[in-house]
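A short write-up of the structure that comes next.
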Amino acid sequence: MFNVIIFGPPGSGKGTQSERIIEKYTLKHLSTGELLRVEKNSGSALGNQVASMIDHGELVPDELVQKMVEATVVKGKDSSGFIFDGFPRTTNQAKWLEDILHGIGSDTHVLLSLEVDEEELINRLTLRGIAAGRNDDKSRAVVENRLAVYQNQTMPVIEFYKKLGKYHRIDGMGSLDEVFGRICEVIDEKSLQ
Ligand code: B4P
């Protein structure tokens, strides 16, 4: 198994680049944001519980997200690997992910951290708020809250993976092709090791 974490603030291109990565490297895509939106739109009890947290740009509790991730990882344990998109978002989630992967005899191989200027992040999310129907992109206050949540709760994950020697910075500015080219260089190098 070859497992990649794609990491970065909202609007940095995690979901966008994941689509290209899964196509080129045939990895399984695990986006916690996507799993949560499906749950929210289904109107299930869990969906109703998380709806307002997502719409306000807050993180959903670790245990809820971990339960969803565990089910997907166990189901895909015989696959060629995962791209974890938007997960882990807290140091607790990161520790938990390492344990779960070790439990199935695997590991995370690289964390790709997409780094993008704040002004550009706000610009991209505002454009998506106009073009698509995500409530969490529509209000400037919610977008700013998501960026603050990233700074306060998610950034510490970088230190965790730096200590494991798995952190790789990716310049996330520029065209989709340029960013994808930078990502492929790192994946190619890591998957050959
Ligand atoms: P996510 O679905 O992960 O949403 P996101 O951070 O906004 O990133 P996304 O991947 O969708 O967007 P992208 O940057 O690709 O999370 C949503 C919410 O779910 C969270 O706020 C939280 O409430 C909850 N949640 C998810 N995971 C959780 C967890 N583990 N724990 C707790 N809660 C969790 O793209 C953004 C836009 O930029 C797109 O329109 C794209 O086209 C554009 N773009 C991308 N790259 C570009 C480029 N190079 N140039 C120009 N535009 C670009």
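Letters A, B, ... go to the chains of the structure tokens in the order shown; residues in each chain start at 1; ligands are counted from 1 in the same order.
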Practice item. Using only C-alpha atoms and all ligand atoms, determine which residues fall within 7 Å of ligand 1, then list them as a PyMOL selection string. Key: chain A and resi 9-17+31-34+36+53-54+57-62+65+85-89+124-125+127-128+146+172-176+179
Just the residues within 9 Å of A:Ile83, please, counting only C-alpha atoms, with nothing from its chain fewer than 4 positions along; format it as a PDB file with N, CA and C atoms, in the first residue's frame.
```pdb
ATOM      1  N   PHE A   2       0.436   2.269  -0.745  1.00  0.00           N
ATOM      2  CA  PHE A   2       1.142   3.554  -0.712  1.00  0.00           C
ATOM      3  C   PHE A   2       0.101   4.604  -0.307  1.00  0.00           C
ATOM      4  N   ASN A   3       0.319   5.214   0.855  1.00  0.00           N
ATOM      5  CA  ASN A   3      -0.686   6.134   1.399  1.00  0.00           C
ATOM      6  C   ASN A   3      -0.177   7.566   1.442  1.00  0.00           C
ATOM      7  N   VAL A   4      -0.979   8.456   0.865  1.00  0.00           N
ATOM      8  CA  VAL A   4      -0.614   9.861   0.742  1.00  0.00           C
ATOM      9  C   VAL A   4      -1.629  10.699   1.519  1.00  0.00           C
ATOM     10  N   ILE A   5      -1.147  11.699   2.253  1.00  0.00           N
ATOM     11  CA  ILE A   5      -2.063  12.683   2.860  1.00  0.00           C
ATOM     12  C   ILE A   5      -1.919  13.958   2.058  1.00  0.00           C
ATOM     13  N   ILE A   6      -3.046  14.504   1.592  1.00  0.00           N
ATOM     14  CA  ILE A   6      -2.997  15.826   0.959  1.00  0.00           C
ATOM     15  C   ILE A   6      -3.579  16.813   1.961  1.00  0.00           C
ATOM     16  N   SER A  18      -6.589  16.013  -5.679  1.00  0.00           N
ATOM     17  CA  SER A  18      -6.845  14.593  -5.383  1.00  0.00           C
ATOM     18  C   SER A  18      -7.440  13.891  -6.592  1.00  0.00           C
ATOM     19  N   ILE A  21      -4.659  13.004  -8.815  1.00  0.00           N
ATOM     20  CA  ILE A  21      -3.761  11.997  -8.236  1.00  0.00           C
ATOM     21  C   ILE A  21      -4.382  10.599  -8.345  1.00  0.00           C
ATOM     22  N   ILE A  22      -5.681  10.494  -8.027  1.00  0.00           N
ATOM     23  CA  ILE A  22      -6.286   9.145  -8.066  1.00  0.00           C
ATOM     24  C   ILE A  22      -6.307   8.600  -9.486  1.00  0.00           C
ATOM     25  N   LEU A  27      -5.037   5.427  -6.692  1.00  0.00           N
ATOM     26  CA  LEU A  27      -5.223   5.327  -5.240  1.00  0.00           C
ATOM     27  C   LEU A  27      -6.708   5.513  -4.933  1.00  0.00           C
ATOM     28  N   LYS A  28      -7.140   5.040  -3.780  1.00  0.00           N
ATOM     29  CA  LYS A  28      -8.524   5.263  -3.355  1.00  0.00           C
ATOM     30  C   LYS A  28      -8.628   6.636  -2.700  1.00  0.00           C
ATOM     31  N   HIS A  29      -9.664   7.379  -3.068  1.00  0.00           N
ATOM     32  CA  HIS A  29      -9.847   8.726  -2.539  1.00  0.00           C
ATOM     33  C   HIS A  29     -10.673   8.680  -1.255  1.00  0.00           C
ATOM     34  N   LEU A  30     -10.139   9.229  -0.170  1.00  0.00           N
ATOM     35  CA  LEU A  30     -10.917   9.316   1.063  1.00  0.00           C
ATOM     36  C   LEU A  30     -10.963  10.781   1.490  1.00  0.00           C
ATOM     37  N   SER A  31     -12.059  11.460   1.138  1.00  0.00           N
ATOM     38  CA  SER A  31     -12.240  12.863   1.510  1.00  0.00           C
ATOM     39  C   SER A  31     -13.254  12.934   2.643  1.00  0.00           C
TER      40      SER A  31
END
```
Point to revise | DSSP strand (DSSP E) selection over stretch 43-185 of chain A, as number ranges by chain | key: A: 82-85, 110-115, 167-171
Would you mind exporting N, CA and C atoms of the selected residues as a PDB file, in the first residue's frame?
```pdb
ATOM      1  N   PHE A  82      -4.283   4.735  -0.303  1.00  0.00           N
ATOM      2  CA  PHE A  82      -5.278   5.808  -0.160  1.00  0.00           C
ATOM      3  C   PHE A  82      -4.650   7.167  -0.381  1.00  0.00           C
ATOM      4  N   ILE A  83      -5.492   8.105  -0.841  1.00  0.00           N
ATOM      5  CA  ILE A  83      -5.155   9.508  -0.691  1.00  0.00           C
ATOM      6  C   ILE A  83      -6.129  10.070   0.352  1.00  0.00           C
ATOM      7  N   PHE A  84      -5.595  10.478   1.477  1.00  0.00           N
ATOM      8  CA  PHE A  84      -6.394  11.057   2.550  1.00  0.00           C
ATOM      9  C   PHE A  84      -6.482  12.559   2.301  1.00  0.00           C
ATOM     10  N   ASP A  85      -7.694  13.015   2.014  1.00  0.00           N
ATOM     11  CA  ASP A  85      -7.934  14.406   1.606  1.00  0.00           C
ATOM     12  C   ASP A  85      -8.743  15.103   2.707  1.00  0.00           C
ATOM     13  N   VAL A 110       3.704   9.810   2.794  1.00  0.00           N
ATOM     14  CA  VAL A 110       4.071  11.206   2.599  1.00  0.00           C
ATOM     15  C   VAL A 110       2.869  12.121   2.888  1.00  0.00           C
ATOM     16  N   LEU A 111       3.167  13.280   3.467  1.00  0.00           N
ATOM     17  CA  LEU A 111       2.151  14.323   3.624  1.00  0.00           C
ATOM     18  C   LEU A 111       2.542  15.476   2.703  1.00  0.00           C
ATOM     19  N   LEU A 112       1.654  15.798   1.776  1.00  0.00           N
ATOM     20  CA  LEU A 112       1.886  16.890   0.821  1.00  0.00           C
ATOM     21  C   LEU A 112       1.140  18.110   1.336  1.00  0.00           C
ATOM     22  N   SER A 113       1.870  19.133   1.727  1.00  0.00           N
ATOM     23  CA  SER A 113       1.238  20.315   2.310  1.00  0.00           C
ATOM     24  C   SER A 113       1.166  21.431   1.262  1.00  0.00           C
ATOM     25  N   LEU A 114      -0.060  21.691   0.786  1.00  0.00           N
ATOM     26  CA  LEU A 114      -0.258  22.726  -0.244  1.00  0.00           C
ATOM     27  C   LEU A 114      -0.246  24.089   0.418  1.00  0.00           C
ATOM     28  N   GLU A 115       0.658  24.958  -0.003  1.00  0.00           N
ATOM     29  CA  GLU A 115       0.766  26.269   0.630  1.00  0.00           C
ATOM     30  C   GLU A 115       0.415  27.382  -0.358  1.00  0.00           C
ATOM     31  N   TYR A 167       6.770  15.132   6.057  1.00  0.00           N
ATOM     32  CA  TYR A 167       6.196  16.398   5.576  1.00  0.00           C
ATOM     33  C   TYR A 167       6.906  16.866   4.302  1.00  0.00           C
ATOM     34  N   HIS A 168       6.113  17.242   3.286  1.00  0.00           N
ATOM     35  CA  HIS A 168       6.678  17.863   2.082  1.00  0.00           C
ATOM     36  C   HIS A 168       5.876  19.086   1.711  1.00  0.00           C
ATOM     37  N   ARG A 169       6.544  20.221   1.609  1.00  0.00           N
ATOM     38  CA  ARG A 169       5.861  21.458   1.227  1.00  0.00           C
ATOM     39  C   ARG A 169       5.674  21.463  -0.282  1.00  0.00           C
ATOM     40  N   ILE A 170       4.448  21.842  -0.713  1.00  0.00           N
ATOM     41  CA  ILE A 170       4.180  21.999  -2.147  1.00  0.00           C
ATOM     42  C   ILE A 170       3.711  23.438  -2.366  1.00  0.00           C
ATOM     43  N   ASP A 171       4.328  24.120  -3.288  1.00  0.00           N
ATOM     44  CA  ASP A 171       3.862  25.461  -3.646  1.00  0.00           C
ATOM     45  C   ASP A 171       2.516  25.290  -4.375  1.00  0.00           C
TER      46      ASP A 171
END
```
Practice item. Could you pull out the residues in stretch 35-148 of chain A that DSSP calls alpha helix (DSSP H) from the backbone, as a count of residues only? Key: 73
Practice item. Skip stretch 103-107 of chain A itself and residues of its chain fewer than 2 positions away, then list as a VMD selection string all residues within 12 Å of it, counting only C-alpha atoms. Key: chain A and resid 1 to 5 70 73 to 82 94 to 101 109 to 111 164 166
Exercise for review: Tell me which of A:Leu35, A:Met68, A:Gly8, A:Ala148 sits closest to A:Val116, counting only C-alpha atoms.
Suggested key: A:Gly8
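Counting from atom CA of A:Leu121, the distance to atom CA of A:Arg140 is 11.5 Å.
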